[in-house]
$ cat data_20.cif   # mmCIF, C-alpha atoms
data_data
#
loop_
_atom_site.label_atom_id
_atom_site.label_comp_id
_atom_site.auth_asym_id
_atom_site.auth_seq_id
_atom_site.Cartn_x
_atom_site.Cartn_y
_atom_site.Cartn_z
CA MET Q 319 185.35 55.28 68.52
CA PRO Q 320 182.65 56.04 71.12
CA GLU Q 321 180.05 58.53 70.06
CA SER Q 322 180.76 62.07 71.25
CA LYS Q 323 178.03 64.24 72.66
CA PRO Q 324 177.81 68.03 72.61
CA ILE Q 325 178.18 70.12 75.74
CA TYR Q 326 176.77 73.53 76.59
CA CYS Q 327 178.64 75.71 79.04
CA ILE Q 328 176.16 77.98 80.82
CA THR Q 329 177.31 81.11 82.64
CA ALA Q 330 174.95 83.12 84.83
CA PRO Q 331 174.67 86.92 84.78
CA PRO Q 332 174.84 88.77 88.15
CA GLU Q 333 171.09 89.35 88.06
CA ILE Q 334 168.21 88.95 85.61
CA SER Q 335 165.00 90.65 84.57
CA ALA Q 336 163.02 88.57 82.10
CA THR Q 337 159.57 87.88 80.68
CA ILE Q 338 159.26 84.26 79.56
CA THR Q 339 156.58 82.74 77.33
CA LEU Q 340 156.37 79.20 78.63
CA PRO Q 341 155.68 76.18 76.41
CA ALA Q 342 152.25 74.55 76.34
CA SER Q 343 151.65 71.74 78.81
CA LYS Q 344 152.92 68.40 77.50
CA SER Q 345 150.72 66.47 79.91
CA ILE Q 346 147.54 68.21 78.82
CA SER Q 347 148.51 68.11 75.13
CA ASN Q 348 149.10 64.35 75.16
CA ARG Q 349 145.78 63.64 76.86
CA MET Q 350 143.96 65.99 74.50
CA LEU Q 351 145.39 64.21 71.46
CA ILE Q 352 143.96 60.90 72.69
CA LEU Q 353 140.61 62.46 73.62
CA ASN Q 354 140.38 64.27 70.28
CA ALA Q 355 141.06 60.98 68.48
CA LEU Q 356 138.54 59.03 70.57
CA SER Q 357 135.86 61.67 70.00
CA ARG Q 358 136.73 62.01 66.30
CA SER Q 359 136.84 65.72 66.93
CA PRO Q 360 136.77 68.12 63.97
CA TYR Q 361 138.41 70.83 66.10
CA PRO Q 362 142.18 71.38 66.04
CA ILE Q 363 143.78 71.65 69.48
CA GLU Q 364 144.96 75.22 70.07
CA ASN Q 365 148.43 75.87 71.51
CA LEU Q 366 149.46 72.22 71.24
CA SER Q 367 152.86 71.49 72.79
CA ASP Q 368 155.81 71.38 70.37
CA SER Q 369 157.67 68.97 72.65
CA ASP Q 370 159.13 65.76 71.24
CA ASP Q 371 156.72 63.62 73.24
CA THR Q 372 153.65 65.39 71.91
CA GLN Q 373 154.87 65.52 68.34
CA VAL Q 374 155.66 61.79 68.42
CA LEU Q 375 152.16 61.03 69.66
CA LEU Q 376 150.58 63.34 67.07
CA LYS Q 377 152.56 61.66 64.27
CA ALA Q 378 151.58 58.17 65.48
CA LEU Q 379 147.88 59.04 65.67
CA ASN Q 380 147.96 60.50 62.15
CA SER Q 381 150.07 57.70 60.68
CA LYS Q 382 148.79 54.99 58.39
CA GLU Q 383 151.78 52.84 59.34
CA LYS Q 384 151.24 49.72 61.41
CA ASN Q 385 154.79 49.67 62.84
CA LEU Q 386 155.12 52.57 65.25
CA ASP Q 387 158.38 53.67 66.88
CA ILE Q 388 157.75 56.27 69.58
CA GLY Q 389 161.40 56.74 70.55
CA ALA Q 390 161.81 57.79 74.19
CA ALA Q 391 158.24 59.05 74.70
CA GLY Q 392 156.99 57.17 77.75
CA THR Q 393 153.57 58.82 77.81
CA SER Q 394 153.08 57.95 74.14
CA MET Q 395 153.97 54.30 74.79
CA ARG Q 396 151.41 53.98 77.57
CA PHE Q 397 148.62 55.98 75.97
CA LEU Q 398 149.05 54.32 72.57
CA THR Q 399 149.12 50.82 74.08
CA ALA Q 400 145.63 51.43 75.43
CA TYR Q 401 144.37 53.45 72.45
CA LEU Q 402 145.51 50.90 69.83
CA SER Q 403 144.06 48.01 71.83
CA GLN Q 404 140.57 49.33 71.04
CA SER Q 405 141.34 50.48 67.47
CA SER Q 406 140.80 48.30 64.42
CA GLY Q 407 143.94 46.78 62.91
CA GLU Q 408 147.17 45.09 63.99
CA TYR Q 409 150.11 47.19 65.19
CA THR Q 410 153.62 46.86 66.58
CA LEU Q 411 154.73 49.45 69.11
CA THR Q 412 158.39 49.98 70.02
CA GLY Q 413 160.88 52.64 71.12
CA THR Q 414 164.47 53.33 72.13
CA GLU Q 415 166.61 50.85 74.04
CA ARG Q 416 165.71 52.62 77.27
CA MET Q 417 162.01 52.42 76.36
CA ARG Q 418 162.36 48.69 75.69
CA ASN Q 419 163.62 48.38 79.27
CA ARG Q 420 160.84 50.39 80.90
CA PRO Q 421 158.17 48.02 82.26
CA ILE Q 422 154.66 48.05 80.84
CA GLY Q 423 153.42 44.70 82.13
CA ILE Q 424 150.94 46.13 84.65
CA LEU Q 425 149.13 48.07 81.91
CA VAL Q 426 149.18 45.13 79.48
CA ASP Q 427 147.85 42.77 82.17
CA ALA Q 428 145.01 45.18 82.93
CA LEU Q 429 144.12 45.55 79.24
CA ARG Q 430 144.18 41.78 78.76
CA GLN Q 431 141.68 41.42 81.62
CA LEU Q 432 139.44 43.81 79.68
CA SER Q 433 139.75 41.51 76.58
CA ALA Q 434 142.65 43.24 74.77
CA ASP Q 435 144.86 41.13 72.46
CA ILE Q 436 148.48 42.13 73.17
CA ASP Q 437 151.69 40.11 72.87
CA TYR Q 438 155.29 40.82 73.86
CA LEU Q 439 157.66 40.52 70.92
CA GLU Q 440 160.87 40.22 72.93
CA LYS Q 441 161.00 40.37 76.73
CA GLU Q 442 158.02 39.56 78.96
CA SER Q 443 156.45 42.72 80.42
CA TYR Q 444 158.45 45.11 78.18
CA PRO Q 445 158.05 46.66 74.72
CA PRO Q 446 158.01 46.05 71.82
CA LEU Q 447 154.37 44.98 71.67
CA ARG Q 448 152.09 43.46 69.06
CA ILE Q 449 148.57 44.82 69.45
CA ARG Q 450 145.52 43.49 67.64
CA GLY Q 451 142.81 46.09 68.14
CA ARG Q 452 139.25 45.11 68.96
CA LYS Q 453 136.13 46.29 70.80
CA LEU Q 454 136.98 45.80 74.47
CA GLN Q 455 134.54 44.10 76.82
CA GLY Q 456 135.55 46.10 79.88
CA GLY Q 457 134.42 45.18 83.37
CA LYS Q 458 135.95 45.46 86.84
CA ILE Q 459 139.65 45.10 87.58
CA VAL Q 460 141.89 45.63 90.61
CA ILE Q 461 145.03 47.69 90.05
CA ASP Q 462 147.84 48.84 92.32
CA GLY Q 463 147.37 52.56 92.92
CA SER Q 464 151.11 53.07 93.38
CA VAL Q 465 151.89 52.32 89.72
CA SER Q 466 152.44 55.14 87.24
CA SER Q 467 149.36 57.34 86.94
CA GLN Q 468 149.85 57.16 83.15
CA TYR Q 469 148.78 53.51 83.24
CA ILE Q 470 145.55 54.47 84.98
CA SER Q 471 144.95 57.50 82.73
CA ALA Q 472 145.47 55.30 79.66
CA LEU Q 473 142.77 52.91 80.89
CA LEU Q 474 140.36 55.69 81.85
CA MET Q 475 140.45 57.47 78.51
CA ILE Q 476 139.39 54.38 76.55
CA ALA Q 477 136.85 53.24 79.16
CA PRO Q 478 133.75 55.00 77.70
CA GLY Q 479 134.05 52.87 74.54
CA MET Q 480 134.08 49.51 76.37
CA GLU Q 481 131.01 47.25 76.13
CA ARG Q 482 130.54 47.12 79.90
CA GLY Q 483 132.41 50.27 80.82
CA LEU Q 484 135.15 50.11 83.43
CA THR Q 485 135.38 49.92 87.19
CA LEU Q 486 138.81 50.32 88.75
CA GLN Q 487 139.40 49.13 92.29
CA PHE Q 488 142.63 50.61 93.66
CA LYS Q 489 144.75 48.82 96.21
CA GLY Q 490 147.19 51.07 98.00
CA ALA Q 491 147.58 54.83 97.76
CA ILE Q 492 147.37 56.40 94.31
CA THR Q 493 150.65 57.80 92.99
CA SER Q 494 150.62 61.19 91.22
CA LEU Q 495 146.95 61.74 92.05
CA PRO Q 496 146.86 65.21 90.39
CA TYR Q 497 147.69 63.63 87.00
CA LEU Q 498 144.76 61.29 87.42
CA GLN Q 499 142.54 64.22 88.38
CA MET Q 500 143.79 66.06 85.28
CA THR Q 501 142.70 63.17 83.06
CA ILE Q 502 139.28 63.06 84.68
CA ARG Q 503 138.71 66.82 84.36
CA LEU Q 504 139.64 66.73 80.67
CA MET Q 505 137.34 63.74 80.05
CA GLU Q 506 134.52 65.62 81.76
CA THR Q 507 135.17 68.55 79.41
CA PHE Q 508 134.31 66.11 76.61
CA GLY Q 509 131.01 65.21 78.25
CA VAL Q 510 131.99 61.95 79.98
CA GLN Q 511 130.52 61.25 83.42
CA ILE Q 512 132.76 59.51 85.94
CA GLU Q 513 131.71 58.06 89.28
CA TRP Q 514 134.29 58.32 92.04
CA PRO Q 515 132.37 57.41 95.20
CA ASP Q 516 135.50 56.90 97.29
CA ILE Q 517 139.24 57.18 96.83
CA ASN Q 518 139.57 53.45 96.11
CA THR Q 519 136.87 53.00 93.46
CA LEU Q 520 136.32 54.68 90.10
CA SER Q 521 133.64 53.76 87.52
CA ILE Q 522 132.86 54.84 83.95
CA ASP Q 523 129.73 53.60 82.17
CA PRO Q 524 129.65 53.11 78.37
CA GLN Q 525 129.09 56.52 76.79
CA THR Q 526 130.15 58.77 73.93
CA TYR Q 527 132.66 61.60 73.91
CA ARG Q 528 131.36 64.98 72.71
CA PRO Q 529 134.02 66.94 70.78
CA GLN Q 530 134.90 70.40 72.07
CA PRO Q 531 137.24 73.20 70.99
CA PHE Q 532 140.17 73.35 73.42
CA ARG Q 533 143.23 75.52 74.12
CA VAL Q 534 146.17 74.08 76.06
CA GLU Q 535 147.50 76.14 78.95
CA SER Q 536 151.21 76.72 79.64
CA ASP Q 537 153.32 74.13 81.40
CA TRP Q 538 153.81 74.36 85.17
CA SER Q 539 156.58 71.75 85.01
CA ALA Q 540 158.52 74.11 82.74
CA ALA Q 541 157.76 76.98 85.12
CA SER Q 542 159.44 75.08 87.97
CA TYR Q 543 162.91 75.70 86.49
CA TRP Q 544 162.28 79.42 86.58
CA TYR Q 545 161.15 79.19 90.20
CA GLU Q 546 164.45 77.38 90.84
CA ILE Q 547 166.34 80.18 89.09
CA GLN Q 548 164.55 82.80 91.17
CA ALA Q 549 165.32 80.89 94.38
CA LEU Q 550 169.01 80.58 93.53
CA TYR Q 551 169.31 84.30 92.76
CA GLN Q 552 168.02 85.12 96.26
CA GLY Q 553 166.37 88.44 95.45
CA ARG Q 554 168.49 89.37 92.42
CA SER Q 555 165.90 88.46 89.79
CA ARG Q 556 162.60 89.61 88.34
CA ILE Q 557 160.90 86.92 86.29
CA GLU Q 558 157.47 87.12 84.69
CA LEU Q 559 156.05 83.83 83.38
CA LEU Q 560 153.32 84.04 80.76
CA GLY Q 561 150.46 81.64 80.05
CA LEU Q 562 150.08 79.97 83.44
CA GLU Q 563 146.65 79.39 84.94
CA GLU Q 564 146.25 79.71 88.69
CA ASN Q 565 143.30 77.28 88.77
CA SER Q 566 145.26 74.79 86.68
CA VAL Q 567 144.46 71.12 86.05
CA GLN Q 568 148.21 70.46 86.38
CA GLY Q 569 149.48 68.98 89.61
CA ASP Q 570 152.85 70.67 89.11
CA ALA Q 571 151.15 74.03 89.72
CA LYS Q 572 152.16 73.13 93.28
CA ALA Q 573 155.65 74.33 92.33
CA ALA Q 574 154.78 77.89 93.32
CA ALA Q 575 153.75 76.89 96.83
CA ILE Q 576 156.71 74.52 97.31
CA PHE Q 577 159.23 77.23 96.44
CA GLU Q 578 157.40 79.71 98.67
CA ASN Q 579 157.75 77.23 101.52
CA LEU Q 580 161.43 76.77 100.70
CA ASP Q 581 161.97 80.53 100.81
CA ARG Q 582 160.28 80.75 104.23
CA HIS Q 583 162.38 77.82 105.40
CA ILE Q 584 165.60 79.55 104.34
CA HIS Q 585 164.69 82.70 106.25
CA ASN Q 586 163.62 80.84 109.39
CA GLN Q 587 166.65 80.92 111.67
CA THR Q 588 165.51 77.84 113.61
CA ALA Q 589 164.44 75.73 110.66
CA GLY Q 590 165.80 72.21 110.47
CA VAL Q 591 165.56 69.80 107.56
CA PHE Q 592 163.30 70.82 104.67
CA GLU Q 593 160.88 67.95 104.07
CA TYR Q 594 158.41 67.22 101.29
CA ASP Q 595 156.48 64.23 99.97
CA PHE Q 596 156.61 64.23 96.15
CA VAL Q 597 154.14 61.39 95.68
CA ASN Q 598 151.81 63.77 93.81
CA GLU Q 599 154.47 65.81 91.96
CA PRO Q 600 157.39 63.46 91.16
CA ASP Q 601 158.51 65.55 88.17
CA LEU Q 602 159.44 68.41 90.53
CA ALA Q 603 161.80 66.31 92.63
CA GLN Q 604 164.96 66.92 90.57
CA THR Q 605 164.37 70.67 90.51
CA LEU Q 606 163.97 70.93 94.29
CA THR Q 607 166.84 68.53 95.00
CA VAL Q 608 169.32 70.61 93.01
CA ALA Q 609 167.96 73.89 94.41
CA CYS Q 610 168.24 72.76 98.03
CA CYS Q 611 171.80 71.53 97.61
CA LEU Q 612 172.95 74.75 95.96
CA LEU Q 613 171.21 76.77 98.69
CA ASP Q 614 172.80 74.62 101.43
CA VAL Q 615 169.41 73.52 102.73
CA PRO Q 616 169.44 69.99 104.21
CA PHE Q 617 166.39 68.06 103.05
CA ARG Q 618 164.51 64.78 103.13
CA PHE Q 619 162.26 64.06 100.16
CA THR Q 620 159.90 61.09 100.05
CA GLY Q 621 157.33 59.68 97.63
CA LEU Q 622 159.99 59.11 94.97
CA HIS Q 623 159.34 55.45 94.06
CA SER Q 624 158.30 56.29 90.48
CA LEU Q 625 161.64 58.03 89.80
CA ARG Q 626 163.42 54.71 89.29
CA ILE Q 627 161.40 53.97 86.12
CA LYS Q 628 161.41 57.40 84.48
CA GLU Q 629 163.60 58.38 81.49
CA THR Q 630 166.48 57.26 83.69
CA ASP Q 631 166.86 56.11 87.28
CA ARG Q 632 166.51 59.64 88.56
CA ILE Q 633 167.47 58.87 92.16
CA SER Q 634 170.80 57.35 91.13
CA ALA Q 635 171.39 60.07 88.52
CA LEU Q 636 170.87 62.85 91.08
CA GLN Q 637 173.29 61.21 93.51
CA THR Q 638 175.96 60.77 90.83
CA GLU Q 639 175.75 64.25 89.33
CA LEU Q 640 175.39 66.20 92.58
CA LYS Q 641 178.49 64.43 93.91
CA LYS Q 642 180.37 66.08 91.03
CA LEU Q 643 179.33 69.41 92.58
CA GLY Q 644 180.38 68.24 96.05
CA TYR Q 645 177.11 67.03 97.60
CA ILE Q 646 176.69 63.52 99.07
CA LEU Q 647 173.07 62.36 98.93
CA ALA Q 648 171.65 59.30 100.65
CA ASN Q 649 168.56 57.29 99.79
CA GLU Q 650 166.33 54.83 101.60
CA GLY Q 651 165.29 52.21 99.07
CA ASP Q 652 163.30 53.53 96.14
CA HIS Q 653 161.16 56.08 97.91
CA SER Q 654 163.36 58.76 99.49
CA LEU Q 655 166.37 61.00 98.94
CA GLN Q 656 168.08 63.13 101.55
CA TRP Q 657 171.01 65.42 102.16
CA ASP Q 658 172.26 66.14 105.67
CA GLY Q 659 174.85 68.72 104.66
CA GLN Q 660 177.66 66.24 103.88
CA LYS Q 661 180.09 67.53 101.25
CA VAL Q 662 183.23 66.48 99.44
CA ALA Q 663 185.53 68.47 97.18
CA ALA Q 664 183.72 69.34 93.95
CA GLU Q 665 185.21 68.24 90.66
CA HIS Q 666 187.12 70.87 88.72
CA ASN Q 667 184.97 72.05 85.81
CA PRO Q 668 182.52 69.11 86.02
CA VAL Q 669 180.30 67.96 83.16
CA ILE Q 670 176.74 67.06 84.14
CA ALA Q 671 175.51 63.93 82.35
CA THR Q 672 171.83 64.01 81.40
CA TYR Q 673 171.11 60.29 80.80
CA GLU Q 674 168.73 61.11 77.91
CA ASP Q 675 166.56 62.82 80.54
CA HIS Q 676 165.27 66.31 79.79
CA ARG Q 677 164.65 67.10 83.45
CA MET Q 678 168.26 66.39 84.41
CA ALA Q 679 169.45 69.06 81.96
CA MET Q 680 166.92 71.69 83.04
CA ALA Q 681 167.23 71.05 86.77
CA PHE Q 682 171.04 71.34 86.73
CA ALA Q 683 171.43 74.29 84.34
CA PRO Q 684 170.45 76.89 87.01
CA ALA Q 685 173.27 75.61 89.24
CA CYS Q 686 175.55 78.02 87.37
CA ILE Q 687 173.98 80.85 89.39
CA ARG Q 688 175.86 79.57 92.44
CA THR Q 689 178.88 77.97 90.75
CA GLY Q 690 179.55 80.70 88.15
CA SER Q 691 179.22 78.32 85.22
CA ILE Q 692 178.23 74.74 84.56
CA ARG Q 693 178.64 72.32 81.68
CA ILE Q 694 175.67 70.23 80.55
CA GLN Q 695 176.18 67.21 78.30
CA ASP Q 696 173.74 66.36 75.50
CA PRO Q 697 171.70 69.57 75.94
CA ALA Q 698 169.32 68.68 73.09
CA VAL Q 699 167.40 66.39 75.47
CA VAL Q 700 165.31 69.38 76.56
CA SER Q 701 163.33 69.05 73.31
CA LYS Q 702 161.39 66.24 74.98
CA SER Q 703 159.31 68.80 76.90
CA TYR Q 704 160.74 72.35 76.55
CA PRO Q 705 162.45 72.82 73.15
CA ASN Q 706 163.11 76.55 73.68
CA PHE Q 707 164.66 76.20 77.15
CA TRP Q 708 168.16 77.26 76.10
CA LYS Q 709 166.84 80.13 73.97
CA ASP Q 710 164.80 81.35 76.92
CA LEU Q 711 167.85 81.21 79.18
CA GLN Q 712 169.79 83.29 76.65
CA GLN Q 713 166.91 85.76 76.43
CA ALA Q 714 167.11 86.12 80.22
CA GLY Q 715 170.82 86.97 79.99
CA PHE Q 716 172.56 83.64 80.53
CA LEU Q 717 175.62 83.08 78.35
CA ILE Q 718 175.64 79.73 76.56
CA SER Q 719 178.79 78.72 74.72
CA GLY Q 720 178.92 76.79 71.46
CA LYS Q 721 178.75 73.01 71.22
CA LEU Q 722 181.95 71.71 72.75
CA LYS Q 723 182.67 68.00 72.48
CA ILE Q 724 183.45 65.28 74.95
CA GLU Q 725 184.07 61.57 74.44
CA ASN Q 726 181.77 59.10 76.21
#

$ encode --input "data_20.cif" --output "structure tokens"
Amino acid sequence: MPESKPIYCITAPPEISATITLPASKSISNRMLILNALSRSPYPIENLSDSDDTQVLLKALNSKEKNLDIGAAGTSMRFLTAYLSQSSGEYTLTGTERMRNRPIGILVDALRQLSADIDYLEKESYPPLRIRGRKLQGGKIVIDGSVSSQYISALLMIAPGMERGLTLQFKGAITSLPYLQMTIRLMETFGVQIEWPDINTLSIDPQTYRPQPFRVESDWSAASYWYEIQALYQGRSRIELLGLEENSVQGDAKAAAIFENLDRHIHNQTAGVFEYDFVNEPDLAQTLTVACCLLDVPFRFTGLHSLRIKETDRISALQTELKKLGYILANEGDHSLQWDGQKVAAEHNPVIATYEDHRMAMAFAPACIRTGSIRIQDPAVVSKSYPNFWKDLQQAGFLISGKLKIEN
């Protein structure tokens, strides 16, 4: 018998008035765990994220085990690959089936150039990995700027401990630049000096981290779903989000401005297609895609090439699931997604598959505001970044039914 997965049925109230305490930033928390470990900090990190990804990384860093399974935590896989390569001891690093099919060859190749000792245990360029930690020589390497910013962040954070430091020469435009800037700002908080003379070159000399007390701010990525909810209610909501910092190190703080632009676009009688380049904020793409469709706003989104290698192929997943709601999306290769207004009949009482992807669940849940209700399969996936998402929706007045069942 195929495994059955639970379903939540979410029904929207006519209007909402809510104050929401957002979760701590997963992106900041994960970087801070690595920086705290590298600096041998005596200070506990305040307001650390309780997301699955962060808790997996915390457990791995505190573990005495040499065989580490990080499940579906992509950030943990990348950060730990670099961190363990400069730690003493021999380790194996693995994850879920999906994780074992997410490429890591670019990061491993870069680390090998810096003298790391890493082997693939199964498929070339994919986990699981065997890592024999050692003092890294460092030096200068050339890396494609369009790869995941997590690869680059992983290299940067261990760079101060390398014998010759690290110089990165980027070829091509840097993807998710705000995440790279976040890493640099956090490293600077720990006393590390970084030279960035031009957009294509970044250098870090050998130096020592200085431990600092630190409190993690709330998560702008989590806030984006509430901006989506507000947009879909079209004036019938009052939402206060607690813990956000206006001058945030998070690139996804751009969510506020993007949704403001969307609102102006909707109210502009002569507006055409809503366009945006998500190269710096790829994690917001699903939220805006669903919002635009439900608001009947034709769009063209670009800068989406990293979405193919996320928790799932997010471009394909969005096309499949939005078709269930009646929207036909087109894509140009791996970098764009668009909707020109083409529709088909929506499925009766559709079930939205989440593909083990937390952002699919949270981006689609607000659709019930326009459809009356919506069913989300495998709702527990939100624990990857926002464990209290469903509780917060209930607090805001959304009705969530018990765990129904459906066969795969």

$ resolve_selection --input "data_20.cif" --expression "the PyMOL selection byres ((chain Q and resi 465-475) around 6)" --output "PyMOL selection string"
chain Q and resi 397+400+425+462-464+476-477+494

$ resolve_selection --input "data_20.cif" --expression "the PyMOL selection byres ((chain Q and resi 517) around 10)" --output "number ranges by chain"
Q: 487-488, 491-492, 514-516, 518-520

$ resolve_selection --input "data_20.cif" --expression "the PyMOL selection byres ((chain Q and resi 370) around 9)" --output "VMD selection string"
chain Q and resid 367 to 369 371 to 375 390 to 391 700 to 705

$ closest_residue --input "data_20.cif" --among "Q:Ile388, Q:Val615, Q:Ile352, Q:Ala574" --to "Phe592 in chain Q" --atoms "all atoms listed in the file"
Q:Val615

$ residues_around --input "data_20.cif" --residues "Leu580 in chain Q" --least-positions-apart "2" --cutoff "9 Å" --atoms "all atoms listed in the file" --output "list in words"
Ala549, Ala575, Ile576, Phe577, Glu578, Arg582, His583, Ile584, His585, Phe592, Cys610 and Val615 of chain Q

$ residues_near_point --input "data_20.cif" --point "(183.9, 68.0, 87.4)" --cutoff "12 Å" --atoms "all atoms listed in the file" --output "list in words"
Thr638, Glu639, Leu640, Lys641, Lys642, Leu643, Gly644, Ala663, Ala664, Glu665, His666, Asn667, Pro668, Val669, Ile670, Ala671, Thr689, Ser691, Ile692, Arg693, Ile694 and Gln695 of chain Q

$ closest_residue --input "data_20.cif" --among "Q:Thr410, Q:Thr485, Q:Thr339, Q:Ser405" --to "Lys453 in chain Q" --atoms "all atoms listed in the file"
Q:Ser405

$ residues_around --input "data_20.cif" --residues "range 522-539 of chain Q" --least-positions-apart "4" --cutoff "6 Å" --atoms "all atoms listed in the file" --output "PDB file with C-alpha atoms, in the coordinates of the input"
ATOM      1  CA  LEU Q 340     156.370  79.200  78.630  1.00  0.00           C
ATOM      2  CA  PRO Q 341     155.680  76.180  76.410  1.00  0.00           C
ATOM      3  CA  ALA Q 342     152.250  74.550  76.340  1.00  0.00           C
ATOM      4  CA  SER Q 343     151.650  71.740  78.810  1.00  0.00           C
ATOM      5  CA  SER Q 357     135.860  61.670  70.000  1.00  0.00           C
ATOM      6  CA  SER Q 359     136.840  65.720  66.930  1.00  0.00           C
ATOM      7  CA  TYR Q 361     138.410  70.830  66.100  1.00  0.00           C
ATOM      8  CA  ILE Q 363     143.780  71.650  69.480  1.00  0.00           C
ATOM      9  CA  GLU Q 364     144.960  75.220  70.070  1.00  0.00           C
ATOM     10  CA  ASN Q 365     148.430  75.870  71.510  1.00  0.00           C
ATOM     11  CA  PRO Q 478     133.750  55.000  77.700  1.00  0.00           C
ATOM     12  CA  GLY Q 479     134.050  52.870  74.540  1.00  0.00           C
ATOM     13  CA  GLY Q 483     132.410  50.270  80.820  1.00  0.00           C
ATOM     14  CA  LEU Q 484     135.150  50.110  83.430  1.00  0.00           C
ATOM     15  CA  PHE Q 508     134.310  66.110  76.610  1.00  0.00           C
ATOM     16  CA  GLY Q 509     131.010  65.210  78.250  1.00  0.00           C
ATOM     17  CA  ILE Q 512     132.760  59.510  85.940  1.00  0.00           C
ATOM     18  CA  GLY Q 561     150.460  81.640  80.050  1.00  0.00           C
ATOM     19  CA  LEU Q 562     150.080  79.970  83.440  1.00  0.00           C
ATOM     20  CA  ASP Q 570     152.850  70.670  89.110  1.00  0.00           C
ATOM     21  CA  ALA Q 571     151.150  74.030  89.720  1.00  0.00           C
TER      22      ALA Q 571
END

$ residues_around --input "data_20.cif" --residues "Ser433 in chain Q" --least-positions-apart "2" --cutoff "8 Å" --atoms "all atoms listed in the file" --output "NGL selection string"
:Q and (429-431 or 435 or 454-456)

$ write_last_selection --input "data_20.cif" --atoms "C-alpha atoms" --output "mmCIF file, keeping the file's coordinate frame"
data_model
loop_
_atom_site.group_PDB
_atom_site.id
_atom_site.type_symbol
_atom_site.label_atom_id
_atom_site.label_comp_id
_atom_site.auth_asym_id
_atom_site.auth_seq_id
_atom_site.Cartn_x
_atom_site.Cartn_y
_atom_site.Cartn_z
ATOM 1 C CA LEU Q 429 144.120 45.550 79.240
ATOM 2 C CA ARG Q 430 144.180 41.780 78.760
ATOM 3 C CA GLN Q 431 141.680 41.420 81.620
ATOM 4 C CA ASP Q 435 144.860 41.130 72.460
ATOM 5 C CA LEU Q 454 136.980 45.800 74.470
ATOM 6 C CA GLN Q 455 134.540 44.100 76.820
ATOM 7 C CA GLY Q 456 135.550 46.100 79.880
#

$ closest_residue --input "data_20.cif" --among "Q:Asp614, Q:Glu674, Q:Thr329, Q:Thr588" --to "Glu415 in chain Q" --atoms "only C-alpha atoms"
Q:Glu674

$ closest_atom_pairs --input "data_20.cif" --of "range 512-618 of chain Q" --to "range 648-655 of chain Q" --cutoff "10 Å" --atoms "all atoms listed in the file" --output "Markdown table"
| residue | atom | partner | partner_atom | distance |
| --- | --- | --- | --- | --- |
| Q:Tyr594 | CA | Q:Ser654 | CA | 10.0 |
| Q:Asp595 | CA | Q:Ser654 | CA | 8.8 |
| Q:Phe596 | CA | Q:Ser654 | CA | 9.3 |
| Q:Val597 | CA | Q:His653 | CA | 9.1 |
| Q:Ala603 | CA | Q:Leu655 | CA | 9.4 |
| Q:Thr607 | CA | Q:Leu655 | CA | 8.5 |
| Q:Phe617 | CA | Q:Leu655 | CA | 8.2 |
| Q:Arg618 | CA | Q:Leu655 | CA | 5.9 |

$ write_last_selection --input "data_20.cif" --atoms "C-alpha atoms" --output "mmCIF file, keeping the file's coordinate frame"
data_model
loop_
_atom_site.group_PDB
_atom_site.id
_atom_site.type_symbol
_atom_site.label_atom_id
_atom_site.label_comp_id
_atom_site.auth_asym_id
_atom_site.auth_seq_id
_atom_site.Cartn_x
_atom_site.Cartn_y
_atom_site.Cartn_z
ATOM 1 C CA TYR Q 594 158.410 67.220 101.290
ATOM 2 C CA ASP Q 595 156.480 64.230 99.970
ATOM 3 C CA PHE Q 596 156.610 64.230 96.150
ATOM 4 C CA VAL Q 597 154.140 61.390 95.680
ATOM 5 C CA ALA Q 603 161.800 66.310 92.630
ATOM 6 C CA THR Q 607 166.840 68.530 95.000
ATOM 7 C CA PHE Q 617 166.390 68.060 103.050
ATOM 8 C CA ARG Q 618 164.510 64.780 103.130
#

$ atom_distance --input "data_20.cif" --atom1 "CA of Leu612 in chain Q" --atom2 "CA of Leu550 in chain Q"
7.4 Å

$ atom_distance --input "data_20.cif" --atom1 "CA of Asn598 in chain Q" --atom2 "CA of Pro421 in chain Q"
20.5 Å

$ atom_distance --input "data_20.cif" --atom1 "CA of Leu559 in chain Q" --atom2 "CA of Val608 in chain Q"
21.1 Å
